[in-house]
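Undergrad: Input structure: entry_9.txt, which contains compact mmCIF, C-alpha atoms.
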```txt
# COMPACT_ATOMS: atom_id res chain seq x y z
CA MET A 1 120.37 123.53 92.74
CA ARG A 2 116.93 123.36 91.08
CA LYS A 3 116.08 125.88 88.39
CA ARG A 4 112.92 127.90 87.99
CA ASN A 5 111.96 129.24 84.57
CA VAL A 6 109.60 132.04 83.61
CA LEU A 7 106.55 129.85 84.20
CA ALA A 8 107.70 129.16 87.74
CA LEU A 9 107.89 132.89 88.45
CA VAL A 10 104.38 133.40 87.11
CA LEU A 11 103.23 130.51 89.28
CA ALA A 12 104.78 132.10 92.35
CA ALA A 13 102.45 135.06 91.96
CA ALA A 14 99.49 132.72 91.47
CA VAL A 15 100.44 130.79 94.60
CA ALA A 16 100.61 133.99 96.62
CA LEU A 17 97.16 135.03 95.46
CA SER A 18 95.77 131.56 96.17
CA ALA A 19 97.27 131.47 99.66
CA THR A 20 95.76 134.86 100.42
CA ALA A 21 92.37 133.64 99.26
CA CYS A 22 92.61 130.65 101.60
CA ASP A 23 93.42 132.70 104.69
CA GLY A 24 90.50 132.71 107.09
CA SER A 25 88.88 129.66 105.52
CA GLY A 26 89.11 127.78 108.79
CA SER A 27 91.27 125.07 107.22
CA THR A 28 94.31 123.96 109.19
CA PRO A 29 97.55 123.70 107.14
CA ALA A 30 99.00 120.21 106.69
CA THR A 31 102.44 120.90 108.13
CA THR A 32 105.07 118.16 107.94
CA ALA A 33 108.82 118.01 107.83
CA ALA A 34 108.63 116.89 104.23
CA THR A 35 106.44 119.83 103.22
CA GLU A 36 108.61 122.31 105.10
CA ALA A 37 111.73 120.93 103.45
CA ALA A 38 110.14 121.19 100.00
CA THR A 39 109.06 124.75 100.69
CA SER A 40 112.54 125.63 101.90
CA ALA A 41 114.04 124.18 98.73
CA ALA A 42 111.64 126.28 96.65
CA ASP A 43 112.57 129.45 98.55
CA THR A 44 116.28 128.93 97.82
CA ALA A 45 115.86 127.96 94.16
CA ALA A 46 118.17 129.39 91.50
CA PRO A 47 117.30 132.54 89.51
CA ALA A 48 114.79 132.27 86.70
CA ASP A 49 115.79 130.46 83.52
CA THR A 50 114.05 131.80 80.42
CA THR A 51 115.02 128.78 78.31
CA GLY A 52 112.79 126.25 80.12
CA ALA A 53 110.37 124.11 78.14
CA ALA A 54 107.31 125.48 79.88
CA ALA A 55 108.29 128.92 78.60
CA GLY A 56 107.58 127.70 75.06
CA SER A 57 109.77 124.85 73.76
CA GLY A 58 107.14 123.60 71.32
CA LYS A 59 107.16 120.09 72.80
CA GLY A 60 103.45 120.05 73.57
CA LEU A 61 100.33 120.03 71.40
CA SER A 62 98.95 122.79 69.21
CA PRO A 63 95.71 124.37 70.44
CA GLU A 64 93.90 122.64 67.59
CA ASP A 65 95.21 119.18 68.51
CA ARG A 66 94.63 119.83 72.21
CA ALA A 67 90.95 120.57 71.60
CA LYS A 68 90.56 117.12 69.97
CA GLU A 69 91.70 115.26 73.10
CA PHE A 70 89.36 114.09 75.87
CA VAL A 71 90.85 113.69 79.35
CA THR A 72 89.01 111.76 82.06
CA VAL A 73 90.39 112.31 85.57
CA GLY A 74 89.91 109.47 88.08
CA THR A 75 89.17 110.99 91.49
CA GLY A 76 87.55 109.26 94.49
CA PRO A 77 84.34 109.11 96.54
CA THR A 78 82.45 112.36 96.85
CA SER A 79 83.03 112.25 100.64
CA GLY A 80 86.82 112.46 100.30
CA ILE A 81 89.27 115.04 99.00
CA TYR A 82 90.32 113.13 95.88
CA PHE A 83 87.00 114.27 94.41
CA PRO A 84 87.39 118.08 94.65
CA ILE A 85 91.10 118.07 93.88
CA GLY A 86 90.68 115.68 90.94
CA GLY A 87 87.80 117.84 89.71
CA ALA A 88 90.09 120.87 89.86
CA PHE A 89 92.64 119.07 87.66
CA ALA A 90 89.87 118.49 85.12
CA THR A 91 88.91 122.18 85.30
CA ALA A 92 92.53 123.33 84.92
CA LEU A 93 93.00 121.17 81.82
CA LYS A 94 89.68 122.42 80.42
CA GLU A 95 90.90 125.99 80.92
CA TYR A 96 93.97 125.01 78.90
CA GLY A 97 91.88 123.76 76.01
CA TYR A 98 91.21 120.05 76.63
CA ASP A 99 87.79 118.44 76.72
CA THR A 100 87.66 116.94 80.23
CA SER A 101 85.58 115.04 82.76
CA ALA A 102 86.12 114.16 86.43
CA GLU A 103 84.92 110.68 87.42
CA ALA A 104 83.94 109.75 90.98
CA THR A 105 85.50 106.38 91.83
CA ASN A 106 86.33 104.19 94.82
CA ALA A 107 89.75 105.91 94.76
CA THR A 108 93.14 104.21 94.57
CA GLY A 109 92.24 100.61 93.78
CA GLN A 110 89.72 101.46 91.09
CA ASN A 111 91.90 104.25 89.71
CA ILE A 112 94.83 101.87 89.24
CA GLN A 113 92.58 99.48 87.33
CA ASN A 114 90.98 102.26 85.29
CA ILE A 115 94.39 103.51 84.19
CA LEU A 116 95.44 100.00 83.17
CA ASN A 117 92.14 99.50 81.33
CA GLY A 118 92.38 102.85 79.55
CA ASP A 119 89.20 104.14 81.23
CA CYS A 120 90.97 107.24 82.60
CA GLU A 121 93.78 109.33 81.15
CA ILE A 122 95.04 110.47 84.55
CA ALA A 123 94.04 109.37 88.07
CA ILE A 124 94.95 110.00 91.70
CA ALA A 125 96.36 107.10 93.73
CA MET A 126 98.32 106.43 96.91
CA GLN A 127 101.91 105.53 96.18
CA ASP A 128 102.06 102.53 98.53
CA ALA A 129 99.24 100.73 96.70
CA VAL A 130 100.66 101.77 93.33
CA MET A 131 104.07 100.32 94.13
CA GLN A 132 102.50 97.09 95.37
CA ALA A 133 100.58 96.80 92.09
CA TYR A 134 103.70 97.67 90.10
CA THR A 135 105.79 95.01 91.86
CA ALA A 136 103.00 92.45 92.45
CA THR A 137 103.62 92.46 96.20
CA GLY A 138 101.49 92.97 99.31
CA ALA A 139 97.83 93.27 98.38
CA TYR A 140 98.74 92.48 94.76
CA GLU A 141 100.83 89.40 95.48
CA GLY A 142 100.07 86.59 93.04
CA LYS A 143 98.85 88.99 90.34
CA ASP A 144 100.73 90.10 87.26
CA ALA A 145 103.01 93.05 87.96
CA ALA A 146 101.32 96.21 86.66
CA THR A 147 104.41 97.50 84.88
CA GLY A 148 102.20 99.62 82.62
CA LEU A 149 101.63 102.08 85.45
CA LYS A 150 103.41 105.39 84.90
CA ALA A 151 103.57 108.59 86.96
CA LEU A 152 102.76 112.14 85.91
CA MET A 153 103.62 114.06 89.09
CA ARG A 154 103.69 114.05 92.88
CA LEU A 155 100.64 115.30 94.76
CA TRP A 156 99.96 115.81 98.48
CA PRO A 157 100.74 113.66 101.52
CA ASN A 158 97.91 111.39 102.66
CA TYR A 159 97.74 111.11 106.44
CA VAL A 160 96.57 107.82 107.94
CA GLN A 161 94.00 108.91 110.52
CA LEU A 162 92.58 106.35 112.91
CA VAL A 163 89.50 107.82 114.59
CA THR A 164 87.09 106.68 117.27
CA THR A 165 84.83 108.21 119.92
CA ALA A 166 85.70 108.57 123.60
CA ASP A 167 83.01 106.13 124.75
CA THR A 168 84.75 103.17 123.03
CA GLY A 169 87.75 103.41 125.37
CA ILE A 170 90.14 102.90 122.43
CA LYS A 171 93.34 104.86 123.00
CA SER A 172 95.93 102.93 120.97
CA VAL A 173 96.22 100.65 117.94
CA ALA A 174 96.61 97.71 120.34
CA ASP A 175 93.15 98.50 121.75
CA LEU A 176 91.57 97.61 118.39
CA LYS A 177 91.69 93.91 119.23
CA GLY A 178 88.19 92.56 119.62
CA LYS A 179 86.64 95.70 118.10
CA ARG A 180 84.69 96.35 114.90
CA VAL A 181 86.94 98.45 112.68
CA GLY A 182 86.20 100.25 109.42
CA VAL A 183 89.20 99.32 107.26
CA GLY A 184 88.08 100.80 103.96
CA ALA A 185 86.56 99.24 100.88
CA ALA A 186 88.18 95.89 100.02
CA ASN A 187 91.54 96.37 98.26
CA SER A 188 91.20 100.15 98.35
CA GLY A 189 94.15 102.33 99.25
CA VAL A 190 92.69 102.85 102.72
CA GLU A 191 92.29 99.12 103.24
CA ILE A 192 95.86 98.46 102.13
CA ASN A 193 97.03 101.08 104.66
CA ALA A 194 94.93 99.52 107.42
CA ARG A 195 96.24 96.04 106.72
CA MET A 196 99.90 97.12 106.75
CA ILE A 197 99.52 99.23 109.90
CA LEU A 198 97.74 96.48 111.81
CA ASP A 199 100.40 94.01 110.72
CA ALA A 200 103.15 96.33 111.96
CA TYR A 201 101.52 96.15 115.42
CA GLY A 202 101.12 92.36 115.26
CA ILE A 203 97.36 92.52 114.65
CA THR A 204 95.55 90.57 111.92
CA TYR A 205 91.98 90.70 110.68
CA ASP A 206 91.35 87.64 112.84
CA ASP A 207 91.88 89.87 115.89
CA ILE A 208 89.22 92.40 114.83
CA THR A 209 85.88 92.45 113.02
CA PRO A 210 86.71 94.30 109.80
CA ASP A 211 84.07 96.43 108.09
CA TYR A 212 84.92 96.76 104.39
CA LEU A 213 83.31 100.14 103.89
CA ALA A 214 84.48 103.46 102.49
CA TYR A 215 85.35 105.65 105.45
CA GLY A 216 82.33 107.91 104.99
CA GLU A 217 79.99 104.94 105.40
CA ALA A 218 82.04 103.50 108.25
CA ILE A 219 81.91 106.80 110.16
CA ASP A 220 78.14 106.87 109.71
CA ASN A 221 78.07 103.38 111.25
CA MET A 222 80.23 104.59 114.13
CA LYS A 223 77.75 107.39 114.81
CA ASN A 224 75.05 104.72 115.07
CA GLY A 225 77.11 102.54 117.40
CA GLN A 226 77.74 99.89 114.73
CA CYS A 227 81.49 100.49 114.40
CA ASP A 228 84.18 101.24 116.99
CA ALA A 229 87.01 102.80 115.00
CA VAL A 230 87.66 103.84 111.41
CA PHE A 231 90.76 104.18 109.26
CA VAL A 232 90.70 107.35 107.16
CA THR A 233 93.58 107.98 104.76
CA SER A 234 93.34 111.52 103.43
CA GLY A 235 94.86 114.94 103.26
CA LEU A 236 94.28 117.31 106.14
CA PRO A 237 91.70 118.27 107.14
CA ASN A 238 89.15 115.67 106.05
CA ALA A 239 85.59 117.01 105.95
CA THR A 240 84.01 113.75 107.12
CA VAL A 241 86.29 113.58 110.15
CA MET A 242 85.66 117.26 110.89
CA ASP A 243 81.92 116.59 110.88
CA LEU A 244 82.37 113.70 113.31
CA GLY A 245 84.32 115.96 115.67
CA VAL A 246 81.59 118.60 115.67
CA SER A 247 78.86 116.34 117.03
CA TYR A 248 80.79 113.62 118.88
CA ASP A 249 83.64 113.42 121.38
CA MET A 250 86.05 112.22 118.71
CA VAL A 251 89.50 110.78 119.45
CA VAL A 252 92.35 110.59 116.94
CA ILE A 253 94.36 107.49 117.88
CA PRO A 254 98.16 107.86 117.59
CA ILE A 255 100.16 105.65 115.27
CA ASP A 256 103.48 105.65 117.10
CA GLY A 257 106.08 103.61 118.95
CA GLU A 258 107.62 100.33 117.80
CA GLY A 259 104.72 99.61 115.46
CA ARG A 260 105.32 102.82 113.53
CA ASP A 261 109.08 102.20 113.49
CA LYS A 262 108.48 98.77 111.95
CA LEU A 263 106.04 100.15 109.40
CA VAL A 264 108.40 102.88 108.17
CA ASN A 265 111.34 100.45 108.11
CA ASP A 266 109.42 97.80 106.14
CA TYR A 267 107.68 100.17 103.75
CA PRO A 268 109.87 103.17 102.79
CA TYR A 269 106.98 105.00 101.11
CA TYR A 270 105.62 105.74 104.62
CA ALA A 271 107.05 108.64 106.63
CA GLU A 272 106.66 109.66 110.26
CA SER A 273 104.47 112.71 110.77
CA VAL A 274 102.04 114.39 113.14
CA ILE A 275 98.45 115.52 112.80
CA PRO A 276 98.89 119.07 114.08
CA ALA A 277 97.02 120.30 117.12
CA ASN A 278 93.64 121.85 116.34
CA THR A 279 93.35 120.14 112.98
CA TYR A 280 90.16 118.69 114.40
CA ASN A 281 89.20 118.76 118.09
CA ASN A 282 92.69 117.56 119.08
CA THR A 283 94.36 120.05 121.40
CA GLU A 284 97.82 118.49 120.92
CA ASP A 285 99.80 117.03 118.01
CA VAL A 286 98.96 113.38 117.34
CA GLU A 287 101.77 111.09 116.17
CA GLY A 288 101.10 109.35 112.86
CA VAL A 289 102.32 108.50 109.35
CA PHE A 290 101.68 109.70 105.84
CA VAL A 291 102.17 108.36 102.33
CA TYR A 292 102.24 110.51 99.20
CA ASN A 293 99.56 110.54 96.56
CA ILE A 294 100.74 110.61 92.97
CA MET A 295 99.00 111.31 89.69
CA LEU A 296 99.01 108.29 87.37
CA VAL A 297 98.88 108.65 83.61
CA ARG A 298 98.07 106.21 80.83
CA GLU A 299 101.23 104.67 79.41
CA ASP A 300 99.93 104.76 75.83
CA LEU A 301 99.38 108.53 75.70
CA SER A 302 101.83 110.33 73.43
CA ASP A 303 104.85 112.01 74.95
CA GLU A 304 103.68 115.30 73.45
CA MET A 305 100.25 115.08 75.08
CA VAL A 306 101.64 114.19 78.51
CA TYR A 307 104.18 117.01 78.31
CA ASP A 308 101.39 119.38 77.23
CA MET A 309 99.07 118.34 80.05
CA LEU A 310 101.74 119.13 82.63
CA THR A 311 102.31 122.52 81.02
CA GLY A 312 98.58 123.23 81.22
CA ILE A 313 98.33 122.01 84.81
CA PHE A 314 101.02 124.38 86.03
CA GLU A 315 99.80 127.30 83.94
CA ASN A 316 96.48 126.92 85.76
CA ILE A 317 97.82 125.78 89.14
CA SER A 318 95.79 128.41 91.01
CA THR A 319 92.61 126.53 90.03
CA ILE A 320 93.98 123.36 91.63
CA LYS A 321 95.30 125.13 94.73
CA ALA A 322 91.91 126.72 95.35
CA SER A 323 90.19 123.30 95.54
CA HIS A 324 91.46 122.26 98.99
CA ASN A 325 93.95 123.25 101.67
CA ALA A 326 96.00 120.11 101.01
CA ALA A 327 96.37 121.07 97.36
CA ASP A 328 97.20 124.67 98.20
CA LYS A 329 100.03 123.63 100.52
CA ASN A 330 101.44 120.65 98.64
CA ILE A 331 100.89 120.83 94.87
CA ASP A 332 103.37 123.07 93.10
CA ILE A 333 106.01 122.73 90.40
CA THR A 334 108.73 123.65 92.92
CA PHE A 335 108.20 120.39 94.84
CA GLY A 336 109.52 118.39 91.88
CA VAL A 337 109.32 114.62 91.63
CA ASP A 338 112.02 113.38 94.02
CA ASP A 339 109.42 111.55 96.12
CA VAL A 340 107.93 109.62 93.19
CA GLN A 341 109.12 106.00 93.19
CA LEU A 342 107.06 104.87 90.18
CA PRO A 343 108.73 105.43 86.78
CA LEU A 344 107.63 108.62 85.07
CA HIS A 345 105.92 108.58 81.68
CA PRO A 346 108.55 109.61 79.07
CA GLY A 347 106.58 112.79 78.34
CA ALA A 348 106.51 113.62 82.05
CA GLU A 349 110.20 112.83 82.38
CA ALA A 350 110.97 115.27 79.54
CA PHE A 351 108.86 117.98 81.19
CA TRP A 352 110.54 117.63 84.58
CA LYS A 353 114.00 117.53 82.98
CA ASP A 354 113.32 120.66 80.93
CA ASN A 355 112.20 122.44 84.08
CA GLY A 356 115.34 121.50 86.01
CA TYR A 357 113.99 118.87 88.41
CA ILE A 358 115.70 115.83 86.91
CA LYS A 359 119.35 115.79 85.92
```
Would you write the structure of this file as structure tokens?
TA:
Amino acid sequence: MRKRNVLALVLAAAVALSATACDGSGSTPATTAATEAATSAADTAAPADTTGAAAGSGKGLSPEDRAKEFVTVGTGPTSGIYFPIGGAFATALKEYGYDTSAEATNATGQNIQNILNGDCEIAIAMQDAVMQAYTATGAYEGKDAATGLKALMRLWPNYVQLVTTADTGIKSVADLKGKRVGVGAANSGVEINARMILDAYGITYDDITPDYLAYGEAIDNMKNGQCDAVFVTSGLPNATVMDLGVSYDMVVIPIDGEGRDKLVNDYPYYAESVIPANTYNNTEDVEGVFVYNIMLVREDLSDEMVYDMLTGIFENISTIKASHNAADKNIDITFGVDDVQLPLHPGAEAFWKDNGYIK
């Protein structure tokens, strides 16, 4: 049974206030079996433990030392949700006493490289791309294994959303053959998703005309008739997709059947899911898949600083939850780190152990 310390109880009140603030926002909750299971586990957690590290173990930094540290947060394009959520992490750490900055990036691919280069202290990335970089497989085959990558915490599930407009006639992944498809910027997390999903359905880039554009640009092209379908990997709802659905007869294409079965079997970091009815203009649930985002952290940061950053993040979790519906529903200390396949930074491992989430 997982333990919750005094900090966790304080956070529970903050979560309740944040959830109330989000009611009526028009956002549709990202409901999945995984999220529901995590929430259920949180609801049945053990009584509070006043000895937890976050209640004051002294393993972090002093306020004076904290103020000397600069933390750059790698986010994503301004059109996606990495940007506001990553910005909220920077704000939460600033509220805790760090000097911080949020950097707009091309998301996962660039964030992985920035972490390895030391250009960011923490950065958001999709776990499938991270594990490929870590093991030098898939999109990273032939490159040196990025064993310097380390995890700070689990974030929210990223839903692979394949969108088109009704006039294209595309109703399934198989219908993409012969079409111009926005697959994401080259070697980005979205593009890695697109490549693996197409492969699971027996489709290669030779069967389509790939547009290597960030999904915001690709959707603009689709509005102009220059693109037929676009892969969008994001939390729910995505503002760019919502905008498309307001002005166009948008269709969310299901990722289902044998292709999905093969994908989940071959790549265990994917999970079956649905895009719930009325998330966009869809009147019914749409079958799909998601992959978790995780927060990367520089390997060379001290254990004390990493431990301290996590303490600050969860002391100011309401700031992060208020940034987006996906963060509100899926970022919380009670969700733990069971879903994180990348090794944790030693400072993060100590934090999660002290809070009862690692034995």
Undergrad: From the list A:Ala214, A:Ala92, A:Leu152, A:Ala229, which residue is nearest Asp175 in chain A when using all atoms listed in the file?
TA: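 Between A:Ala214, A:Ala92, A:Leu152, A:Ala229, the residue approaching Asp175 in chain A most closely is A:Ala229.
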Undergrad: Here is a test: counting only C-alpha atoms, which residue of A:Asn293, A:Ser234, A:Thr91, A:Ser188 is nearest to Ala123 in chain A?
TA: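 Looking at the shortest contact to Ala123 in chain A, the residue is A:Asn293.
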Undergrad: Figure out the distance between CA of Thr279 in chain A and CA of Val246 in chain A, please, to one decimal in Å.
TA: 12.2 Å
Undergrad: Of the candidates A:Tyr269, A:Trp352, A:Phe314, A:Tyr357, which one gets nearest to Leu93 in chain A if we count all atoms listed in the file?
TA: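 That would be A:Phe314, the residue with the smallest distance to Leu93 in chain A.
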Undergrad: Which value, in Å to one decimal, gives the distance between CA of Gly60 in chain A and CA of Glu95 in chain A?
TA: 15.7 Å
Undergrad: Do a neighbour search on range 339-343 of chain A at 10 Å with all atoms listed in the file, toss out local chain neighbours closer than 5 positions, and write the hits as a PDB file with C-alpha atoms, keeping the file's coordinate frame.
TA:
```pdb
ATOM      1  CA  ALA A  34     108.630 116.890 104.230  1.00  0.00           C
ATOM      2  CA  GLN A 127     101.910 105.530  96.180  1.00  0.00           C
ATOM      3  CA  ASP A 128     102.060 102.530  98.530  1.00  0.00           C
ATOM      4  CA  VAL A 130     100.660 101.770  93.330  1.00  0.00           C
ATOM      5  CA  MET A 131     104.070 100.320  94.130  1.00  0.00           C
ATOM      6  CA  TYR A 134     103.700  97.670  90.100  1.00  0.00           C
ATOM      7  CA  THR A 147     104.410  97.500  84.880  1.00  0.00           C
ATOM      8  CA  GLY A 148     102.200  99.620  82.620  1.00  0.00           C
ATOM      9  CA  LEU A 149     101.630 102.080  85.450  1.00  0.00           C
ATOM     10  CA  LYS A 150     103.410 105.390  84.900  1.00  0.00           C
ATOM     11  CA  ALA A 151     103.570 108.590  86.960  1.00  0.00           C
ATOM     12  CA  LEU A 152     102.760 112.140  85.910  1.00  0.00           C
ATOM     13  CA  MET A 153     103.620 114.060  89.090  1.00  0.00           C
ATOM     14  CA  ARG A 154     103.690 114.050  92.880  1.00  0.00           C
ATOM     15  CA  LEU A 155     100.640 115.300  94.760  1.00  0.00           C
ATOM     16  CA  TYR A 269     106.980 105.000 101.110  1.00  0.00           C
ATOM     17  CA  TYR A 292     102.240 110.510  99.200  1.00  0.00           C
ATOM     18  CA  ASN A 293      99.560 110.540  96.560  1.00  0.00           C
ATOM     19  CA  ILE A 294     100.740 110.610  92.970  1.00  0.00           C
ATOM     20  CA  MET A 295      99.000 111.310  89.690  1.00  0.00           C
ATOM     21  CA  LEU A 296      99.010 108.290  87.370  1.00  0.00           C
ATOM     22  CA  ALA A 348     106.510 113.620  82.050  1.00  0.00           C
ATOM     23  CA  GLU A 349     110.200 112.830  82.380  1.00  0.00           C
TER      24      GLU A 349
END
```
Undergrad: Check the smallest atom-to-atom distance from each of A:Gly347, A:Tyr307, A:Ile317, A:Gln132 to Ile333 in chain A using all atoms listed in the file, then report the winner.
TA: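 Selected residue with least distance to Ile333 in chain A: A:Ile317.
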Undergrad: List the spatial neighbours of Ile219 in chain A as an NGL selection string - criterion: any atom at most 12 Å away, all atoms listed in the file, same-chain residues fewer than 5 positions off excluded.
TA: :A and (79 or 162-165 or 180-184 or 211-214 or 224-232 or 239-245 or 248 or 250)
Undergrad: Using only C-alpha atoms, which residues sit within 10 Å of Asp65 in chain A once same-chain residues fewer than 5 positions away are excluded, as a list in words?
TA: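 Result of the neighbour search: Gly60, Gly97, Tyr98 and Met305 of chain A.
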Undergrad: Give me range 250-263 of chain A with N, CA and C atoms filled in, as a tab-separated table (two decimals), in the frame of the given file.
TA:
```tsv
chain	number	residue	atom	x	y	z
A	250	MET	N	85.18	113.01	119.57
A	250	MET	CA	86.05	112.22	118.71
A	250	MET	C	87.46	112.14	119.29
A	251	VAL	N	88.11	111.00	119.04
A	251	VAL	CA	89.50	110.78	119.45
A	251	VAL	C	90.30	110.35	118.22
A	252	VAL	N	91.42	111.02	117.99
A	252	VAL	CA	92.35	110.59	116.94
A	252	VAL	C	93.41	109.72	117.61
A	253	ILE	N	93.47	108.46	117.23
A	253	ILE	CA	94.36	107.49	117.88
A	253	ILE	C	95.77	107.61	117.29
A	254	PRO	N	96.79	107.73	118.12
A	254	PRO	CA	98.16	107.86	117.59
A	254	PRO	C	98.65	106.57	116.93
A	255	ILE	N	99.42	106.75	115.89
A	255	ILE	CA	100.16	105.65	115.27
A	255	ILE	C	101.63	105.95	115.57
A	256	ASP	N	102.17	105.27	116.58
A	256	ASP	CA	103.48	105.65	117.10
A	256	ASP	C	104.22	104.42	117.63
A	257	GLY	N	105.34	104.67	118.27
A	257	GLY	CA	106.08	103.61	118.95
A	257	GLY	C	106.72	102.60	118.02
A	258	GLU	N	106.93	101.37	118.55
A	258	GLU	CA	107.62	100.33	117.80
A	258	GLU	C	106.85	99.93	116.55
A	259	GLY	N	105.52	99.95	116.63
A	259	GLY	CA	104.72	99.61	115.46
A	259	GLY	C	104.99	100.56	114.31
A	260	ARG	N	105.04	101.85	114.59
A	260	ARG	CA	105.32	102.82	113.53
A	260	ARG	C	106.75	102.64	113.02
A	261	ASP	N	107.69	102.41	113.91
A	261	ASP	CA	109.08	102.20	113.49
A	261	ASP	C	109.17	101.03	112.51
A	262	LYS	N	108.46	99.94	112.81
A	262	LYS	CA	108.48	98.77	111.95
A	262	LYS	C	107.84	99.08	110.59
A	263	LEU	N	106.74	99.80	110.64
A	263	LEU	CA	106.04	100.15	109.40
A	263	LEU	C	106.93	100.96	108.47
```
